[in-house]
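A short write-up of the structure that comes next.
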Amino acid sequence: MNRLQILWYVYEAVRRVPCSYRRQALLARKAYGFVTAFLRENPEADRAGLLAAFGEPADFAAALLEYIEPDERAAEFVRKSWARRAIVLALGTAALVCGGLCILSAARWER
């Protein structure tokens with residue numbers, strides 16, 4: 001297996017873990033270490049061997065999830081939900097302003 005295939009497998013697994021990007025980077029390093037250690041012991045292993053050892057990326061992500069504290073996961077969920085609310089509020093405000101400007105410009109053209 002070449003390095004790109006290993007990195008792609010780790011990426012597929014880590015992006016499924018619901019946590020901050022900083023924590024995902026730390027988990028990616030840990031997962032990469034696990035995979036390279038496995039490949040050092042089994043040098044002729046390919047993707048099928050990797051899947052047999054660690055499972056599908058979703059299964060590997062579930063295993064990596066055990067390295068994150070439940071409180072940290074809950075805090076990250078709350079942070080992301082507030083960020084989504086702020087984005088929706090900003091987009092709604094922008095839509096209202098644009099709609100108001102369109103109505104005002106249409107009223108000017110009708111005069």
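Going by the structure tokens order, chains are called A, B, ..., each with residues numbered from 1, while ligands are numbered from 1 in the order shown.
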Problem - Spatial neighbours of region 7-14 of chain A, max dist 10 Å, only C-alpha atoms, sep filter under 2 positions, as an MDAnalysis selection string - result: chainID A and resid 2:5 16:19 21 23:35 47 50:51 55:65
Exercise for the section: From a DSSP calculation on the backbone, collect every residue of chain A in helix (DSSP H, G or I) and output the set as JSON, numbers by chain. Expected result: {"A": [3, 4, 5, 6, 7, 8, 9, 10, 11, 12, 13, 14, 21, 22, 23, 24, 25, 26, 27, 28, 29, 30, 31, 32, 33, 34, 35, 36, 37, 38, 39, 40, 41, 47, 48, 49, 50, 51, 52, 53, 54, 57, 58, 59, 60, 61, 62, 63, 64, 65, 66, 67, 70, 71, 72, 73, 74, 75, 76, 77, 78, 79, 80, 81, 82, 83, 84, 85, 86, 87, 88, 89, 90, 91, 92, 93, 94, 95, 96, 97, 98, 99, 100, 101, 102, 103, 104, 105, 106, 107, 108, 109, 110]}
